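Trainee: Provided herewith: data_16.txt, compact mmCIF, C-alpha atoms.
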```
# COMPACT_ATOMS: atom_id res chain seq x y z
CA MET A 17 58.16 110.47 105.51
CA PHE A 18 55.55 112.75 106.91
CA LEU A 19 55.63 114.95 103.86
CA ASP A 20 54.91 111.97 101.66
CA LYS A 21 51.91 111.11 103.72
CA SER A 22 50.62 114.64 103.57
CA ARG A 23 50.95 114.56 99.83
CA GLN A 24 48.77 111.50 99.79
CA LEU A 25 46.30 113.19 102.06
CA ARG A 26 46.23 116.28 99.92
CA GLN A 27 45.09 114.15 97.06
CA ASN A 28 42.39 112.73 99.27
CA CYS A 29 41.14 116.09 100.37
CA SER A 30 40.87 117.51 96.91
CA GLY A 31 37.73 115.50 96.36
CA GLN A 32 39.01 112.39 94.70
CA TYR A 33 38.95 109.36 96.94
CA THR A 34 42.30 107.65 96.93
CA MET A 35 43.55 105.13 99.40
CA SER A 36 45.59 106.57 102.24
CA LYS A 37 47.91 104.62 104.50
CA VAL A 38 45.38 101.91 105.23
CA ASN A 39 45.53 99.02 102.78
CA SER A 40 42.60 97.07 101.45
CA ALA A 41 42.48 93.63 99.90
CA ALA A 42 43.73 93.62 96.31
CA ASN A 43 40.97 91.34 95.06
CA GLU A 44 37.85 89.46 96.09
CA LYS A 45 39.72 86.25 96.86
CA GLU A 46 42.06 88.05 99.21
CA ARG A 47 39.18 89.88 100.82
CA LYS A 48 37.44 86.59 101.60
CA HIS A 49 40.65 85.22 103.05
CA ILE A 50 41.09 88.29 105.27
CA VAL A 51 37.51 88.15 106.50
CA LYS A 52 37.75 84.43 107.21
CA GLU A 53 41.01 84.69 109.15
CA THR A 54 39.80 87.72 111.11
CA GLU A 55 36.60 85.92 112.07
CA THR A 56 38.55 82.87 113.22
CA ILE A 57 40.66 85.05 115.52
CA LEU A 58 37.64 86.99 116.79
CA LYS A 59 35.92 83.78 117.84
CA ARG A 60 38.65 83.22 120.43
CA PHE A 61 37.76 86.45 122.26
CA THR A 62 34.69 87.80 123.98
CA ARG A 63 33.39 91.23 123.01
CA LYS A 64 35.43 93.22 125.50
CA LYS A 65 37.56 96.11 124.41
CA GLN A 66 40.50 95.10 126.57
CA TYR A 67 41.08 92.32 124.02
CA LEU A 68 41.76 94.83 121.23
CA ILE A 69 45.54 94.43 121.30
CA PRO A 70 45.57 90.61 121.57
CA ILE A 71 43.11 90.47 118.67
CA LEU A 72 45.24 92.83 116.56
CA GLN A 73 48.33 90.75 117.37
CA GLY A 74 46.48 87.59 116.40
CA VAL A 75 45.28 89.00 113.08
CA GLN A 76 48.69 90.41 112.24
CA GLY A 77 50.26 87.08 113.19
CA LYS A 78 48.05 85.38 110.60
CA LEU A 79 48.03 87.97 107.82
CA GLY A 80 51.33 89.75 108.41
CA TYR A 81 49.64 93.14 108.52
CA LEU A 82 46.37 94.81 109.43
CA PRO A 83 44.18 95.45 106.40
CA ARG A 84 41.28 97.86 106.39
CA GLU A 85 38.69 95.06 106.38
CA SER A 86 40.14 93.49 109.54
CA MET A 87 40.28 96.75 111.48
CA LEU A 88 36.68 97.61 110.62
CA LYS A 89 35.54 94.11 111.55
CA ILE A 90 37.36 94.24 114.87
CA ALA A 91 35.86 97.66 115.68
CA ASP A 92 32.43 96.32 114.85
CA TYR A 93 32.92 93.20 116.96
CA LEU A 94 34.10 95.12 120.03
CA GLY A 95 31.52 97.87 119.57
CA ILE A 96 34.12 100.63 119.43
CA ALA A 97 34.72 103.35 116.85
CA ALA A 98 36.98 102.46 113.93
CA ILE A 99 39.18 105.44 114.73
CA ASP A 100 39.96 103.90 118.13
CA VAL A 101 41.36 100.82 116.43
CA TYR A 102 43.36 103.02 114.04
CA SER A 103 44.60 105.02 117.01
CA VAL A 104 46.06 101.95 118.71
CA VAL A 105 47.47 100.54 115.46
CA THR A 106 49.32 103.76 114.60
CA PHE A 107 50.57 104.20 118.17
CA TYR A 108 52.42 100.92 118.57
CA ASN A 109 55.42 100.17 116.39
CA GLN A 110 54.63 96.47 116.32
CA PHE A 111 51.55 96.95 114.15
CA ARG A 112 51.90 97.18 110.40
CA LEU A 113 49.46 98.75 107.99
CA ASN A 114 51.31 97.47 104.94
CA PRO A 115 51.28 93.89 103.69
CA PRO A 116 54.65 92.13 103.96
CA GLY A 117 56.58 91.88 100.71
CA LYS A 118 58.01 88.66 99.34
CA HIS A 119 61.45 89.90 100.37
CA SER A 120 62.03 91.86 103.55
CA ILE A 121 64.66 94.59 103.61
CA ARG A 122 65.72 95.73 107.09
CA VAL A 123 68.20 98.58 107.19
CA CYS A 124 70.14 98.86 110.42
CA LEU A 125 70.32 102.33 111.92
CA GLY A 126 72.08 101.34 115.14
CA THR A 127 74.96 103.41 116.44
CA ALA A 128 77.75 101.77 114.42
CA CYS A 129 75.70 101.63 111.23
CA HIS A 130 74.63 105.21 111.75
CA MET A 131 78.26 106.30 111.99
CA LYS A 132 79.05 104.35 108.84
CA GLY A 133 76.23 106.07 106.96
CA GLY A 134 73.30 103.69 107.46
CA TYR A 135 70.92 106.51 106.63
CA ILE A 136 72.60 106.87 103.22
CA THR A 137 71.99 103.17 102.65
CA LEU A 138 68.37 103.64 103.71
CA ASP A 139 68.02 106.51 101.24
CA ALA A 140 69.45 104.31 98.50
CA TRP A 141 66.88 101.60 99.23
CA LYS A 142 64.10 104.16 99.31
CA ARG A 143 65.18 105.62 96.00
CA ARG A 144 65.56 102.26 94.28
CA LEU A 145 62.35 100.74 95.57
CA LYS A 146 60.46 104.05 95.35
CA ILE A 147 58.90 103.51 98.79
CA ASP A 148 59.36 104.93 102.26
CA SER A 149 60.48 102.91 105.26
CA GLY A 150 57.58 100.93 106.67
CA GLU A 151 56.07 100.57 103.22
CA THR A 152 55.75 97.80 100.65
CA THR A 153 56.28 98.08 96.90
CA PRO A 154 52.99 98.05 94.96
CA ASP A 155 53.87 94.67 93.44
CA ARG A 156 54.45 93.34 96.99
CA GLU A 157 57.94 92.15 96.10
CA PHE A 158 59.83 94.11 98.77
CA ASP A 159 59.03 95.72 102.09
CA LEU A 160 61.41 98.21 103.61
CA ASP A 161 61.88 98.94 107.30
CA ILE A 162 64.53 99.98 109.78
CA VAL A 163 65.99 98.05 112.72
CA ALA A 164 67.96 99.36 115.68
CA CYS A 165 70.85 96.87 115.75
CA VAL A 166 71.30 93.32 114.54
CA GLY A 167 74.46 92.57 116.50
CA CYS A 168 77.08 92.50 113.77
CA CYS A 169 78.39 96.02 114.01
CA THR A 170 81.79 95.14 112.50
CA MET A 171 80.01 94.73 109.17
CA ALA A 172 78.42 98.17 109.32
CA PRO A 173 76.47 99.49 107.53
CA VAL A 174 74.26 96.41 107.69
CA THR A 175 71.08 95.54 105.84
CA VAL A 176 69.21 92.37 106.67
CA VAL A 177 67.81 90.92 103.45
CA ASP A 178 65.38 88.06 104.06
CA GLU A 179 66.89 87.20 107.47
CA LYS A 180 70.42 87.25 106.05
CA PRO A 181 72.61 90.12 107.29
CA GLU A 182 74.54 91.78 104.48
CA GLY A 183 77.63 93.82 105.44
CA GLN A 184 79.13 96.99 104.00
CA VAL A 185 75.93 97.87 102.21
CA GLU A 186 76.88 101.04 100.36
CA PRO A 187 74.46 102.41 97.74
CA THR A 188 76.26 100.45 95.00
CA ARG A 189 75.82 97.27 97.05
CA VAL A 190 72.11 98.07 97.19
CA ASP A 191 71.99 97.94 93.42
CA GLY A 192 73.95 94.71 93.48
CA LEU A 193 71.60 93.07 95.97
CA LEU A 194 68.60 94.13 93.95
CA LEU A 195 70.19 92.75 90.81
CA GLY A 196 70.55 89.46 92.67
CA PHE A 197 66.75 89.38 92.83
CA GLY A 198 66.62 90.20 89.14
CA TYR A 199 65.03 93.46 90.13
CA GLU A 200 65.96 96.11 87.70
CA GLU A 201 63.73 98.65 86.14
CA GLY A 202 61.95 97.11 83.17
CA LYS A 203 62.95 93.63 84.27
CA LYS A 204 60.21 93.12 86.80
CA GLU A 205 58.15 91.00 84.41
CA LYS A 206 61.08 88.69 83.85
CA GLU A 207 61.46 88.08 87.57
CA LYS A 208 57.80 87.22 87.90
CA SER A 209 57.84 84.67 85.10
CA GLU A 210 60.94 83.07 86.59
CA SER A 211 59.35 82.69 90.00
CA LYS A 212 56.40 80.91 88.40
CA MET B 9 30.25 110.61 147.78
CA SER B 10 29.66 112.55 150.94
CA THR B 11 32.82 114.64 150.53
CA ARG B 12 31.14 116.37 147.57
CA ASN B 13 28.88 118.31 149.90
CA ILE B 14 31.56 119.48 152.29
CA GLN B 15 32.62 123.07 151.72
CA VAL B 16 36.24 124.11 151.83
CA THR B 17 37.67 127.59 151.98
CA LEU B 18 40.88 128.53 150.24
CA LYS B 19 42.66 131.61 149.05
CA ILE B 20 43.63 132.15 145.41
CA ASP B 21 45.59 135.31 144.62
CA GLY B 22 44.39 136.78 147.92
CA LYS B 23 40.74 136.16 147.12
CA GLU B 24 38.80 133.95 149.52
CA ILE B 25 36.93 131.19 147.75
CA LYS B 26 34.37 128.67 148.98
CA THR B 27 34.03 125.51 146.95
CA ARG B 28 33.12 121.82 147.18
CA ALA B 29 35.69 119.46 148.62
CA GLY B 30 37.19 117.20 145.97
CA GLU B 31 36.99 119.93 143.33
CA LYS B 32 40.09 120.46 141.25
CA LEU B 33 41.94 123.71 141.86
CA LEU B 34 41.65 124.82 138.23
CA TRP B 35 37.85 124.64 138.19
CA ALA B 36 37.58 126.32 141.59
CA ALA B 37 39.58 129.24 140.23
CA LEU B 38 37.79 129.47 136.89
CA GLU B 39 34.36 129.36 138.52
CA ASN B 40 35.35 132.28 140.72
CA GLY B 41 36.57 134.49 137.95
CA ILE B 42 40.29 133.80 138.34
CA TYR B 43 41.73 132.83 134.97
CA ILE B 44 44.43 130.17 134.83
CA PRO B 45 45.63 129.34 131.29
CA ASN B 46 44.45 125.89 130.20
CA LEU B 47 43.70 123.97 127.01
CA CYS B 48 43.31 120.29 127.71
CA ALA B 49 41.03 120.58 130.74
CA ILE B 50 37.55 119.13 130.25
CA LYS B 51 35.01 119.72 132.99
CA ASP B 52 33.06 116.43 132.74
CA LYS B 53 36.13 114.27 132.35
CA PRO B 54 36.80 112.36 135.57
CA GLU B 55 40.57 112.18 135.11
CA PRO B 56 42.37 115.27 133.80
CA ASN B 57 44.64 114.87 130.77
CA ALA B 58 47.24 117.20 132.30
CA SER B 59 48.97 117.32 128.96
CA CYS B 60 49.02 120.98 127.94
CA ARG B 61 51.31 122.06 130.79
CA LEU B 62 49.84 125.54 131.01
CA CYS B 63 47.91 125.65 134.27
CA TRP B 64 50.88 125.86 136.68
CA VAL B 65 50.28 127.52 140.04
CA GLU B 66 52.24 127.86 143.25
CA ILE B 67 50.83 126.60 146.53
CA GLU B 68 52.14 127.99 149.77
CA GLY B 69 54.20 125.39 151.65
CA GLU B 70 55.04 123.43 148.51
CA LYS B 71 58.47 123.68 146.96
CA LYS B 72 57.55 123.19 143.33
CA PRO B 73 54.74 124.59 141.21
CA VAL B 74 51.89 122.16 140.44
CA THR B 75 49.41 121.80 137.58
CA SER B 76 46.14 123.11 138.98
CA CYS B 77 44.01 120.70 136.94
CA THR B 78 45.36 117.71 138.89
CA VAL B 79 45.34 119.12 142.43
CA GLU B 80 42.30 118.89 144.63
CA VAL B 81 41.37 121.85 146.81
CA ARG B 82 42.17 121.64 150.51
CA ASP B 83 40.84 123.70 153.37
CA GLY B 84 43.09 126.65 154.11
CA MET B 85 45.11 126.32 150.92
CA VAL B 86 46.87 129.49 149.77
CA VAL B 87 47.42 129.61 146.04
CA ASN B 88 49.35 132.05 143.90
CA THR B 89 48.65 131.90 140.15
CA LYS B 90 51.08 134.67 139.33
CA GLY B 91 54.24 133.26 140.92
CA LYS B 92 57.40 133.55 138.85
CA LYS B 93 58.25 129.84 138.88
CA ALA B 94 54.75 128.89 137.79
CA LEU B 95 54.57 131.53 135.07
CA ASP B 96 57.96 130.51 133.71
CA LEU B 97 56.80 126.91 133.39
CA SER B 98 53.55 127.97 131.76
CA ARG B 99 55.39 130.19 129.31
CA ALA B 100 57.76 127.38 128.42
CA GLY B 101 54.81 125.08 127.77
CA PHE B 102 53.08 127.74 125.72
CA GLU B 103 56.19 128.42 123.69
CA LEU B 104 56.53 124.72 122.85
CA LEU B 105 52.94 124.70 121.63
CA MET B 106 53.36 127.85 119.57
CA ALA B 107 56.56 126.63 117.91
CA SER B 108 54.52 124.21 115.83
CA HIS B 109 51.40 126.35 115.49
CA ALA B 110 50.70 127.80 112.05
CA LEU B 111 50.54 131.38 113.23
CA ASP B 112 48.48 133.51 110.87
CA CYS B 113 46.00 135.38 113.05
CA ALA B 114 45.05 137.92 110.39
CA HIS B 115 43.63 135.20 108.15
CA CYS B 116 42.38 132.89 110.90
CA SER B 117 38.68 132.57 111.57
CA ALA B 118 39.36 132.24 115.30
CA ASN B 119 41.05 135.66 115.47
CA GLY B 120 39.74 137.57 118.48
CA ASP B 121 38.01 134.46 119.83
CA CYS B 122 41.15 132.34 120.15
CA GLU B 123 42.26 130.80 123.43
CA LEU B 124 45.88 130.99 122.40
CA GLN B 125 45.57 134.77 122.14
CA LYS B 126 43.86 134.80 125.52
CA ILE B 127 46.63 132.72 127.08
CA ALA B 128 49.37 134.89 125.57
CA LYS B 129 47.68 137.89 127.14
CA ALA B 130 47.36 136.20 130.52
CA LEU B 131 50.98 135.04 130.50
CA LYS B 132 52.12 138.42 129.17
CA CYS B 133 54.16 136.81 126.39
CA SER B 134 54.06 136.94 122.62
CA LEU B 135 52.35 134.40 120.42
CA LYS B 136 55.57 133.96 118.51
CA PRO B 137 58.11 131.84 120.40
CA LYS B 138 61.21 133.79 121.39
CA ASN B 139 63.59 130.98 122.31
CA LEU B 140 62.54 128.22 119.94
CA ARG B 141 62.78 128.05 116.20
CA PRO B 142 59.48 127.28 114.52
CA LEU B 143 58.91 123.63 113.64
CA ARG B 144 55.81 123.40 111.48
CA ARG B 145 54.10 120.20 110.58
CA GLU B 146 52.92 121.39 107.13
CA LEU B 147 49.96 119.05 107.07
CA PRO B 148 47.18 119.35 104.50
CA ILE B 149 43.94 121.07 105.45
CA ASP B 150 40.90 118.84 105.26
CA ASP B 151 38.06 120.88 103.76
CA SER B 152 36.00 117.92 102.61
CA ASN B 153 33.19 118.50 105.11
CA SER B 154 30.51 120.91 103.95
CA LEU B 155 30.21 122.59 107.35
CA PHE B 156 33.75 122.96 108.65
CA THR B 157 37.44 122.64 107.91
CA LEU B 158 40.03 120.70 109.89
CA ASP B 159 43.45 122.34 109.85
CA PRO B 160 45.87 120.16 111.85
CA ASN B 161 48.55 122.86 111.60
CA LYS B 162 46.55 125.03 113.98
CA CYS B 163 45.64 122.14 116.27
CA VAL B 164 47.06 122.09 119.79
CA VAL B 165 46.07 118.42 120.31
CA CYS B 166 44.03 119.26 123.41
CA GLY B 167 41.47 116.54 122.72
CA ARG B 168 38.35 118.60 123.39
CA CYS B 169 36.85 117.78 119.98
CA ILE B 170 37.57 114.10 120.50
CA TRP B 171 35.84 114.18 123.88
CA GLU B 172 32.72 115.60 122.21
CA CYS B 173 32.89 113.22 119.26
CA ARG B 174 33.26 110.27 121.60
CA LYS B 175 29.78 110.95 122.96
CA HIS B 176 28.52 109.34 119.75
CA GLY B 177 29.96 106.02 121.01
CA ASP B 178 30.96 103.62 118.27
CA LYS B 179 29.87 106.18 115.66
CA ALA B 180 32.64 108.56 116.74
CA VAL B 181 34.72 109.83 113.85
CA LEU B 182 37.49 111.88 115.42
CA GLY B 183 40.39 110.49 117.39
CA PHE B 184 44.11 110.70 117.92
CA ALA B 185 46.43 108.78 115.64
CA HIS B 186 50.18 108.36 115.21
CA ARG B 187 52.70 109.07 117.91
CA GLY B 188 54.93 111.79 119.28
CA PHE B 189 55.28 114.92 117.18
CA LYS B 190 53.22 113.25 114.46
CA ARG B 191 50.20 112.89 116.73
CA VAL B 192 47.16 114.40 115.04
CA VAL B 193 43.43 114.61 115.41
CA THR B 194 42.16 112.59 112.51
CA THR B 195 39.71 110.00 111.23
CA PHE B 196 40.07 106.30 110.48
CA GLY B 197 42.90 105.88 107.98
CA ASP B 198 43.42 109.65 107.88
CA GLU B 199 40.52 109.82 105.47
CA PRO B 200 38.66 113.07 104.69
CA ILE B 201 36.15 113.90 107.36
CA GLY B 202 33.43 114.76 104.85
CA LYS B 203 33.66 111.40 103.20
CA ASP B 204 33.54 109.57 106.52
CA ARG B 205 30.52 109.00 108.68
CA CYS B 206 30.61 112.39 110.39
CA LEU B 207 27.19 113.16 111.87
CA ASN B 208 27.70 116.93 111.45
CA CYS B 209 26.73 117.59 115.08
CA ARG B 210 29.08 120.63 115.08
CA GLU B 211 30.09 120.01 118.70
CA CYS B 212 33.77 119.53 117.87
CA VAL B 213 33.93 122.90 116.14
CA GLU B 214 32.17 124.61 119.04
CA VAL B 215 34.73 123.41 121.61
CA CYS B 216 37.88 123.95 119.54
CA PRO B 217 40.03 126.51 121.37
CA THR B 218 41.86 127.51 118.17
CA GLY B 219 41.01 127.80 114.50
CA ALA B 220 41.89 124.17 113.81
CA LEU B 221 38.24 123.25 113.50
CA ALA B 222 36.40 126.18 111.97
CA PHE B 223 33.02 126.74 110.37
CA LYS B 224 33.30 127.53 106.71
CA GLU B 225 30.70 130.29 106.83
CA LYS B 226 32.50 132.14 109.58
CA ALA B 227 35.75 132.03 107.61
CA LYS B 228 33.92 133.51 104.63
CA LEU B 229 32.55 136.37 106.70
CA LYS B 230 36.02 137.23 107.99
CA SER B 231 37.73 137.31 104.61
```
If you took the structure in this file and wrote it as structure tokens, what would it be?

Mentor:
Amino acid sequence: MFLDKSRQLRQNCSGQYTMSKVNSAANEKERKHIVKETETILKRFTRKKQYLIPILQGVQGKLGYLPRESMLKIADYLGIAAIDVYSVVTFYNQFRLNPPGKHSIRVCLGTACHMKGGYITLDAWKRRLKIDSGETTPDREFDLDIVACVGCCTMAPVTVVDEKPEGQVEPTRVDGLLLGFGYEEGKKEKEKSESK
Amino acid sequence: MSTRNIQVTLKIDGKEIKTRAGEKLLWAALENGIYIPNLCAIKDKPEPNASCRLCWVEIEGEKKPVTSCTVEVRDGMVVNTKGKKALDLSRAGFELLMASHALDCAHCSANGDCELQKIAKALKCSLKPKNLRPLRRELPIDDSNSLFTLDPNKCVVCGRCIWECRKHGDKAVLGFAHRGFKRVVTTFGDEPIGKDRCLNCRECVEVCPTGALAFKEKAKLKS
């Protein structure tokens, strides 16, 4: 995971400005929405830096993640450096820098699932979706993350797909689940037109 | 505070020292020419970080060694900076730091002026860890700033640069991000420091104990 990030950074450092881990709004409409929601949350708090975490929680509660625009606005509002906001956001596990996907994939890595090869399942998801855990696919269809235990260890290895725990998720089952969403390489367009 | 003006007398390594009451042991020693290895200590900072685990000393009458940056001087204190227990702890701390340090002194601009080299000498141990296998972070070097480079692989995460940068208030650029082993000195969104709003005050480079923050010109002269 870290290597991937460093690869991204390397691209950044070699002059060309590419986006790193922090996500921005995809378009103007979304940007306006983010700014509006962030401002609504900020109005509930006075400009004291002890409110940083409650504000971040509020914004994430509304938007599902913390976009670049929100973090910069919050830093500006509280009169603190942007890096201080980033510091807190990257420290706590509860804060997300990636927008939630339409479908959430939570791979269990609890003790039982670990013994049953949960990490192999995770690798399968990563390979299929071409993202790392904690990330969202560029089309915002899926977001991938890990959980510590979901309480159904007899079904190990477990993956929670959109709140529904799926048991015995071997790599082939991963393909099957993705097929259930009509997600196959080259078939993404089809899925989109169906959902409309 | 009135205690600031009261003088206390203590003994460090057999040398009698007079200092202000309320002073931390580490600074009392350093000001009197007794070197205790340290990285994260910052003189103007009211509360010590106590995170580098290098400044262990033994105090007579106390069972366990203590970090000298957190202990206030007391009248009649007898301190030994060369005790075996203390040195062992310092060496262990140093070894942990060096296990993830990109060791390449010959090509490092800090060579000869590096605090890690100074500490290794003081602790009489090698820069290369003996008991731990190396665990490098292999992070990219940020050379986007025209004045200096930021090489997180050489960083010991002492926080001195951040302390300096923070003096710019809400215009500060440097800070810690991520957690645990992944903790790095970085900018907002891990973006290049040249692209960001760095004020080029050079203070961070001046205080860096290693070659993590290094002036580009100096590196050129060395090579």

Trainee: In Å, how far is it from atom CA of B:Leu155 to atom CA of B:Thr218?

Mentor: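 Computed distance, atom CA of B:Leu155 to atom CA of B:Thr218, equals 16.6 Å.
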
Trainee: Could you make a table, as a tab-separated table, of the residues of chain B that have an atom within 8 Å of an atom of chain A, each with its nearest atom pair and distance in Å to one decimal, counting only C-alpha atoms, in chain and number order?

Mentor:
```
residue	atom	partner	partner_atom	distance
B:Glu146	CA	A:Leu19	CA	7.7
B:Leu147	CA	A:Ser22	CA	5.7
B:Pro148	CA	A:Arg26	CA	5.6
B:Ile149	CA	A:Cys29	CA	7.6
B:Asp150	CA	A:Cys29	CA	5.6
B:Asp151	CA	A:Cys29	CA	6.6
B:Ser152	CA	A:Cys29	CA	5.9
B:Gly177	CA	A:Ala97	CA	6.9
B:Asp178	CA	A:Ala97	CA	4.0
B:Lys179	CA	A:Ala97	CA	5.7
B:Ala180	CA	A:Ala97	CA	5.6
B:Val181	CA	A:Ile99	CA	6.3
B:Leu182	CA	A:Ile99	CA	6.7
B:Gly183	CA	A:Ile99	CA	5.8
B:Phe184	CA	A:Ser103	CA	5.8
B:Ala185	CA	A:Ser103	CA	4.4
B:His186	CA	A:Thr106	CA	4.7
B:Arg187	CA	A:Phe107	CA	5.3
B:Lys190	CA	A:Phe18	CA	7.9
B:Thr195	CA	A:Ile99	CA	5.8
B:Phe196	CA	A:Ile99	CA	4.4
B:Gly197	CA	A:Val38	CA	5.4
B:Asp198	CA	A:Ser36	CA	6.8
B:Glu199	CA	A:Ser36	CA	6.8
B:Pro200	CA	A:Cys29	CA	5.8
```

Trainee: Taking all atoms listed in the file into account, which of A:Asp139, A:Lys132, A:His119, A:Leu82 comes nearest A:Phe158?

Mentor: A:His119

Trainee: Quick one, how far is atom CA of B:Ser108 from atom CA of B:Leu143?

Mentor: 4.9 Å

Trainee: What is the distance, in Å and to one decimal place, between atom CA of A:Tyr135 and atom CA of B:Gly188?

Mentor: 21.1 Å

Trainee: Excluding A:Pro116 and any residue of its chain fewer than 5 positions from it, enumerate the residues within 12 Å of it, using all atoms listed in the file, and give them as a ChimeraX atom specification.

Mentor: /A:39,76-83,111,121,150-161,178

Trainee: Considering all atoms listed in the file, state which residue in the set B:Ile25, B:Ile42, B:Ala128, B:Leu221 is at the smallest distance from B:Ala100.

Mentor: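 Answer, going by the shortest atom-to-atom distance: B:Ala128.
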